[in-house]
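J.: One structure coming up, written as structure tokens, with questions to follow.
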Amino acid sequence: MLKFSFFLAFGLFSLLATAQVCPILPTPAVYQPTNGQFVCSGTLLIDPSEITPDLKAAFTDYALWANNIQVSPFVQNPMVQFKKLTNVKQDSYSINIADRITISYSSEASCFYAWVSLLQLSTQQDGQLSFPKCFVKDYPEFQWRGLHLDVSRHFFTVNEVKRFIDLMAYYKFNTLHWHLTDDQGWRIEIKKYPLLTQVGAWRDSTVENHYTTQPRTYNKTRYGGFYTQEEVKDIVNYAGARFINVVPEIEMPGHARAALAAYPQYSCTGQAQGVEGLWGIFDDIFCAKEESILFLQDVLKEVLPLFPGAYIHVGGDEAPKTRWKECPNCQAVIKANGLHDEHELQSYFIGRMDAFLTQNGKKLIGWDEILEGGLSPNATVMSWRGYEGGKAAAAQGHYVVMCPGSHCYFDHYQGRGADEPLAIGGYTPLDRVYEFNPIPSDMDVASAAYVLGAQGNLWTEYIPDMAQLEYMTYPRAIALSTALWSETKLPYDQFLSTLVQFHFSFLNNQKVNFSKAALKPEIKTMRGKNGGIEIQKVPAKGLDKQPEVLNNISPAKKKTKVVGLKIEQGSGIAPKQLEVIQHKALGAQIVFQTPPSPKYDNGSLTIVDGQLGARPWKGNEWLGFESDSVSFDIVFDKPIKVKEIRIHTLHDPNSWIWAAQTYNIALNKFGCGNGIADGYSTSETIEITVKDKNVKQIHVNIYGISKIPSGQPGAGNTPWLFLDEIEIR
Ligand SMILES: [Zn+2]
């Protein structure tokens with residue numbers, strides 16, 4: 001009944017002939033419903049003679065956990081029979097439900113996938129278990145279907161990791177990338193180096209709020225935890241029984257502050273520092289000297305036997321070269337090996353690990369920075385800074401796992417509502433994850449063959465506990481698994497209705513704290529038909545509903561106005577009211593001479609919509625320019641009187657965004673910069689006083705700095721200019 005009541009509660013989808021809709025996600029290659037139901041009372045009787053005892057045990061445990069279904073062996077007259085096939089597509093399976101259920105499979109993993117699909121087909125009512133009569137044929141498109149879990153920034157217990165694995169298995173993921181070490185905590189027992197966990201697993205404080213919030217405050221509670229090698233084996237076995245391979249990540253040479261807190265002699269300076277309590281990138285990394293390399297190889301010697309899979313992740317990302325440049329030991333390694341610079345030194349460092357892992361029968365995988373300075377011969381690349389790293393690696397004949405931030409970073413926001421919990425930034429809603437293709441459209445066929453698949457990344461700086469982890473993971477992980485498993489995806493609206501109709505009840509039964517942001521309407525501001533702005537309630541993507549106009553606000557010289565939005569009770573939309581800065585340019589036309597970057601172009605209305613951009617910025621509500629100067633005109637419908645101009649820019653050096661410094665304004669001279677006011681601003685908001693009437697146009701030039709100063713994140717690059725409201729009074 002739960003399925004049905006959910007369906008009504010949302011009231012979003014028309015009642016289709018339920019039997020015709022395939023409830024399985026990720027969507028199988030073939031689903032052919034026939035008439036009727038296969039019904040049995042309570043226990044599902046299986047013939048285990050064609051499966052291994054391990055599979056039988058896994059099936060029994062998993063059916064009970066996932067759908068509260070009892071399974072018993074009964075060879076004489078079973079309801080479910082298994083048939084092992086040879087010479088069929090890798091990991092393919094089929095299910096035939098008629099007067100009996102027949103599962104045909106090619107590999108043990110595929111038999112488990114078939115089992116999961118069967119569970120997803122089941123419904124229970126009044127002690128009766130039923131399945132729609134149908135034929136399913138299915139196989140995965142990509143072989144690497146992963147989720148990444150960072151247990152360093154926040155620690156998750158053995159049981160929490162197992163629950164994470166159980167949920168992954170229900171959506172046919174097969175890879176858990178376990179991020180075990182970072183600046184804020186070392187989480188795996190290494191017997192030869194006990195201080196790694198005695199010291200490195202514990203930090204004295206943790207930064208509160210967003211790390212850009214000023215002034216910074218810290219929670220002074222000691223925080224940490226780690227897994228013993230026995231616990232690691234337990235988790236790896238548990239995952240293995242659900243056909244999930246665990247890929248451990250031991251970060252090097254960067255993100256090493258926890259390890260260096262325990263063993264400072266393996267840094268460049270040798271200076272003792274605590275385990276870091278702030279998020280970010282830190283200058284102190286492993287030194288590239290021989291002792292440090294041997295130390296890390298010793299660590300790997302203990303890690304390798306715990307993980308039966310082929311891949312070992314060695315990180316390689318975000319390693320500033322500040323210390324290496326000044327370190328005599330690092331410089332000596334550069335000289336002795338005929339290297340040109342510190343990027344080649346990182347390549348050398350990773351190369352040593354590659355050789356070590358290859359020697360030990362393992363494969364190295366690392367973040368796309370391992371391309372810089374030359375890619376090590378056997379390395380697989382995990383492309384996170386967009387698709388570029390993956391494309392470059394594939395073109396060189398290396399295997400690739402895609403996880404571009406645009407689609408695969410589940411630590412980003414998934415809704416625009418002010419009620420979304422604090423996240424690191426960025427915006428990756430459900431529909432964007434669903435449209436993801438690990439093979440970018442401009443990749444040639446030869447390169448595409450090197451793309452193993454993709455994964456969703458859960459960095460946990462802003463994910464302090466299991467409830468928040470599940471909120472960020474689901475339902476986005478289901479969209480991702482569909483993008484990776486299903487060769488042919490349903491249109492997004494059909495995916496959404498299948499998700500709501502059949503899977504929200506599963507997630508509810510499992511008490512998963514999943515997000516419903518993908519169903520919430522958004523409050524959007526549009527240009528009004530008669531000038532000014534119009535505030536609309538726009539239904540979520542994929543729902544068959546029309547936008548509704550809530551308010552009209554005309555340009556005026558008044559200041560802030562709080563606008564109550566006409567929203568029905570209990571709709572869960574936030575905010576219930578908006579603060580609109582009423583000014584004379586509200587809804588005015590904007591003509592850009594410098595176009596915003598397509599990455600941060602939310603439309604020109606953004607800067608005259610009466611609303612200030614959010615902080616910390618979420619990758620939206622601002623216009624971003626990849627340029628050190630920006631020029632545009634504000635054009636009015638009829639001439640106005642102008643006394644004051646306020647231009648809001650953003651200053652967030654951690655994100656390479658620097659506020660504008662100088663400006664130049666002209667009135668009624670379209671596209672021309674020699675005007676009535678120019679000057680220098682020391683704050684994010686530029687305030688200009690003028691006095692003129694009959695103004696039809698205002699031309700604005702603003703200038704930032706051309707290079708990020710040294711010592712700052714992104715030093716030497718051109719910073720971004722971010723612009724929001726231009727208030728005219
Ligand atoms: Zn060094």
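Residues are named by chain letter and number: chains run A, B, ... in the order of the structure tokens, numbers start at 1 in each chain, and ligands are numbered from 1 in the order shown.
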Would you list the contacts of Glu372 of chain A as number ranges by chain, taking every protein, DNA or RNA residue within 9 Å and counting only C-alpha atoms, but skipping same-chain residues closer than 6 positions in sequence?

T.: A: 343-344, 346-347

J.: Using DSSP secondary structure from the backbone, list all helix (DSSP H, G or I) positions within segment 509-712 of chain A, as a list in words.

T.: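 Selection result, helix (DSSP H, G or I) within segment 509-712 of chain A: Asn509, Ala517, Ala518, Leu519, Pro598, Lys599, Tyr600, Ser604, Leu605, Thr606, Ile607, Val608, Pro653, Asn654 and Ser655 of chain A.
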
J.: For the contact check between chain A and ligand 1, emit one row per residue of chain A within 12 Å, containing the shortest atom pair and the distance in Å rounded to one decimal, counting only C-alpha atoms and all ligand atoms, chain then rising number order, as CSV.

T.:
```
residue,atom,partner,partner_atom_place_in_ligand_line,distance
A:Pro253,CA,ligand 1,1 (Zn),10.5
A:Pro264,CA,ligand 1,1 (Zn),11.6
A:Gln265,CA,ligand 1,1 (Zn),10.1
A:Tyr266,CA,ligand 1,1 (Zn),8.2
A:Ser267,CA,ligand 1,1 (Zn),6.3
A:Cys268,CA,ligand 1,1 (Zn),3.8
A:Thr269,CA,ligand 1,1 (Zn),7.3
A:Gly270,CA,ligand 1,1 (Zn),9.3
A:Asp283,CA,ligand 1,1 (Zn),11.4
A:Asp284,CA,ligand 1,1 (Zn),9.5
A:Ile285,CA,ligand 1,1 (Zn),8.4
A:Phe286,CA,ligand 1,1 (Zn),7.1
A:Cys287,CA,ligand 1,1 (Zn),3.6
A:Ala288,CA,ligand 1,1 (Zn),5.2
A:Lys289,CA,ligand 1,1 (Zn),6.0
A:Glu290,CA,ligand 1,1 (Zn),9.7
A:Glu291,CA,ligand 1,1 (Zn),10.3
A:Ser292,CA,ligand 1,1 (Zn),8.9
A:Ile293,CA,ligand 1,1 (Zn),11.0
A:Pro320,CA,ligand 1,1 (Zn),11.9
A:Lys321,CA,ligand 1,1 (Zn),9.6
A:Thr322,CA,ligand 1,1 (Zn),9.8
A:Arg323,CA,ligand 1,1 (Zn),6.5
A:Trp324,CA,ligand 1,1 (Zn),4.9
A:Lys325,CA,ligand 1,1 (Zn),8.0
A:Glu326,CA,ligand 1,1 (Zn),7.7
A:Cys327,CA,ligand 1,1 (Zn),4.6
A:Pro328,CA,ligand 1,1 (Zn),6.7
A:Asn329,CA,ligand 1,1 (Zn),5.0
A:Cys330,CA,ligand 1,1 (Zn),4.1
A:Gln331,CA,ligand 1,1 (Zn),7.5
A:Ala332,CA,ligand 1,1 (Zn),9.0
A:Val333,CA,ligand 1,1 (Zn),8.9
A:Ile334,CA,ligand 1,1 (Zn),10.4
A:Glu342,CA,ligand 1,1 (Zn),10.4
A:Leu345,CA,ligand 1,1 (Zn),10.3
A:Gln346,CA,ligand 1,1 (Zn),11.2
A:Phe349,CA,ligand 1,1 (Zn),11.4
```

J.: At a cut-off of 10 Å, using only C-alpha atoms, what residues contact segment 111-113 of chain A? Leave out same-chain residues fewer than 5 positions from it and give the result as JSON, numbers by chain.

T.: {"A": [51, 55, 56, 58, 59, 62, 82, 83, 84, 91, 92, 93, 94, 95, 103, 104, 105, 106, 118, 119, 138, 139, 140, 169, 170, 171, 172, 173, 241, 242, 243]}

J.: Can you write out the residues you just picked, keeping N, CA and C atoms, as a short mmCIF file (atom, residue, chain, number, x, y, z; two decimals), in the first residue's frame?

T.:
```
data_model
loop_
_atom_site.label_atom_id
_atom_site.label_comp_id
_atom_site.auth_asym_id
_atom_site.auth_seq_id
_atom_site.Cartn_x
_atom_site.Cartn_y
_atom_site.Cartn_z
N ILE A 51 23.35 -22.59 -8.52
CA ILE A 51 24.14 -21.44 -8.05
C ILE A 51 25.06 -21.89 -6.92
N LEU A 55 26.39 -17.61 -3.30
CA LEU A 55 25.33 -16.83 -3.94
C LEU A 55 24.01 -17.05 -3.22
N LYS A 56 23.74 -18.30 -2.88
CA LYS A 56 22.49 -18.62 -2.19
C LYS A 56 22.41 -17.85 -0.89
N ALA A 58 24.03 -15.07 -0.13
CA ALA A 58 23.91 -13.64 -0.42
C ALA A 58 22.47 -13.29 -0.81
N PHE A 59 21.86 -14.15 -1.62
CA PHE A 59 20.48 -13.91 -2.07
C PHE A 59 19.52 -13.86 -0.88
N TYR A 62 20.17 -10.74 1.27
CA TYR A 62 19.87 -9.49 0.60
C TYR A 62 18.36 -9.29 0.40
N PHE A 82 17.42 -21.35 -11.70
CA PHE A 82 18.57 -20.63 -12.28
C PHE A 82 19.18 -21.47 -13.39
N LYS A 83 19.71 -20.79 -14.38
CA LYS A 83 20.33 -21.48 -15.49
C LYS A 83 21.59 -20.72 -15.88
N LYS A 84 22.73 -21.39 -15.80
CA LYS A 84 23.99 -20.74 -16.17
C LYS A 84 24.18 -20.86 -17.68
N ASP A 91 28.28 -10.23 -18.19
CA ASP A 91 27.37 -9.76 -17.14
C ASP A 91 25.91 -9.62 -17.59
N SER A 92 25.53 -10.33 -18.64
CA SER A 92 24.14 -10.24 -19.07
C SER A 92 23.29 -11.30 -18.33
N TYR A 93 22.02 -11.02 -18.23
CA TYR A 93 21.10 -11.96 -17.59
C TYR A 93 19.72 -11.80 -18.21
N SER A 94 18.87 -12.78 -17.96
CA SER A 94 17.47 -12.59 -18.33
C SER A 94 16.59 -13.20 -17.25
N ILE A 95 15.38 -12.67 -17.16
CA ILE A 95 14.40 -13.20 -16.20
C ILE A 95 13.13 -13.47 -16.99
N ILE A 103 15.68 -17.59 -14.08
CA ILE A 103 16.77 -16.61 -14.22
C ILE A 103 17.91 -17.27 -14.97
N SER A 104 18.29 -16.67 -16.10
CA SER A 104 19.45 -17.17 -16.85
C SER A 104 20.57 -16.14 -16.67
N TYR A 105 21.78 -16.64 -16.43
CA TYR A 105 22.86 -15.69 -16.14
C TYR A 105 24.17 -16.14 -16.74
N SER A 106 25.08 -15.16 -16.91
CA SER A 106 26.36 -15.46 -17.55
C SER A 106 27.51 -15.48 -16.55
N LEU A 118 14.74 -8.83 -9.80
CA LEU A 118 13.57 -9.59 -9.35
C LEU A 118 12.97 -8.96 -8.09
N LEU A 119 13.86 -8.56 -7.16
CA LEU A 119 13.38 -7.92 -5.93
C LEU A 119 12.65 -6.62 -6.26
N ASP A 138 18.92 -8.10 -19.95
CA ASP A 138 19.65 -6.94 -19.46
C ASP A 138 21.15 -7.17 -19.39
N TYR A 139 21.91 -6.08 -19.49
CA TYR A 139 23.37 -6.12 -19.35
C TYR A 139 23.84 -4.69 -19.13
N PRO A 140 24.99 -4.51 -18.51
CA PRO A 140 25.48 -3.14 -18.26
C PRO A 140 26.19 -2.55 -19.46
N ALA A 169 24.30 -1.62 -3.93
CA ALA A 169 24.06 -2.89 -4.62
C ALA A 169 22.65 -2.94 -5.21
N TYR A 170 21.71 -2.27 -4.57
CA TYR A 170 20.32 -2.28 -5.07
C TYR A 170 20.22 -1.56 -6.42
N TYR A 171 21.21 -0.73 -6.72
CA TYR A 171 21.20 -0.01 -8.00
C TYR A 171 22.35 -0.46 -8.90
N LYS A 172 22.88 -1.66 -8.62
CA LYS A 172 23.84 -2.34 -9.50
C LYS A 172 25.16 -1.59 -9.68
N PHE A 173 25.53 -0.76 -8.68
CA PHE A 173 26.89 -0.22 -8.68
C PHE A 173 27.84 -1.38 -8.41
N ALA A 241 30.51 -9.78 -1.49
CA ALA A 241 29.32 -10.63 -1.52
C ALA A 241 28.19 -9.95 -2.28
N ARG A 242 28.28 -8.63 -2.44
CA ARG A 242 27.29 -7.87 -3.21
C ARG A 242 27.86 -7.40 -4.55
N PHE A 243 28.96 -8.05 -4.94
CA PHE A 243 29.60 -7.80 -6.24
C PHE A 243 30.05 -6.36 -6.41
#
```

J.: What is the atom CA of Arg145 of chain A to atom CA of Gly373 of chain A distance in Å?

T.: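 Taking atom CA of Arg145 of chain A and atom CA of Gly373 of chain A, their separation equals 28.9 Å.
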
J.: From the DSSP assignment of the backbone, select every residue of segment 559-612 of chain A that is strand (DSSP E or B), and format the answer as a PyMOL selection string.

T.: chain A and resi 560-564+577-581+589-592

J.: Show me a table, sorted first by chain and then by increasing residue number, of the residues of segment 315-343 of chain A having an atom at most 10 Å from segment 358-368 of chain A, each with its shortest atom pair and the distance in Å to one decimal, counting only C-alpha atoms and written as JSON lines.

T.:
```
{"residue": "A:Gly315", "atom": "CA", "partner": "A:Gly366", "partner_atom": "CA", "distance": 4.9}
{"residue": "A:Gly316", "atom": "CA", "partner": "A:Trp367", "partner_atom": "CA", "distance": 5.7}
{"residue": "A:Asp317", "atom": "CA", "partner": "A:Trp367", "partner_atom": "CA", "distance": 5.5}
{"residue": "A:Glu318", "atom": "CA", "partner": "A:Trp367", "partner_atom": "CA", "distance": 9.1}
```

J.: Write the selection just made, keeping N, CA and C atoms, as a PDB file, in the first residue's frame?

T.:
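After the write, again.pdb holds the following:
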```
ATOM      1  N   GLY A 315      45.734   8.966  -5.494  1.00  0.00           N
ATOM      2  CA  GLY A 315      45.449  10.409  -5.398  1.00  0.00           C
ATOM      3  C   GLY A 315      46.161  11.170  -6.508  1.00  0.00           C
ATOM      4  N   GLY A 316      47.113  12.009  -6.111  1.00  0.00           N
ATOM      5  CA  GLY A 316      47.877  12.781  -7.096  1.00  0.00           C
ATOM      6  C   GLY A 316      47.319  14.162  -7.361  1.00  0.00           C
ATOM      7  N   ASP A 317      46.172  14.499  -6.749  1.00  0.00           N
ATOM      8  CA  ASP A 317      45.550  15.794  -7.031  1.00  0.00           C
ATOM      9  C   ASP A 317      46.043  16.867  -6.067  1.00  0.00           C
ATOM     10  N   GLU A 318      45.848  18.101  -6.476  1.00  0.00           N
ATOM     11  CA  GLU A 318      45.992  19.274  -5.620  1.00  0.00           C
ATOM     12  C   GLU A 318      47.244  19.221  -4.742  1.00  0.00           C
TER      13      GLU A 318
END
```
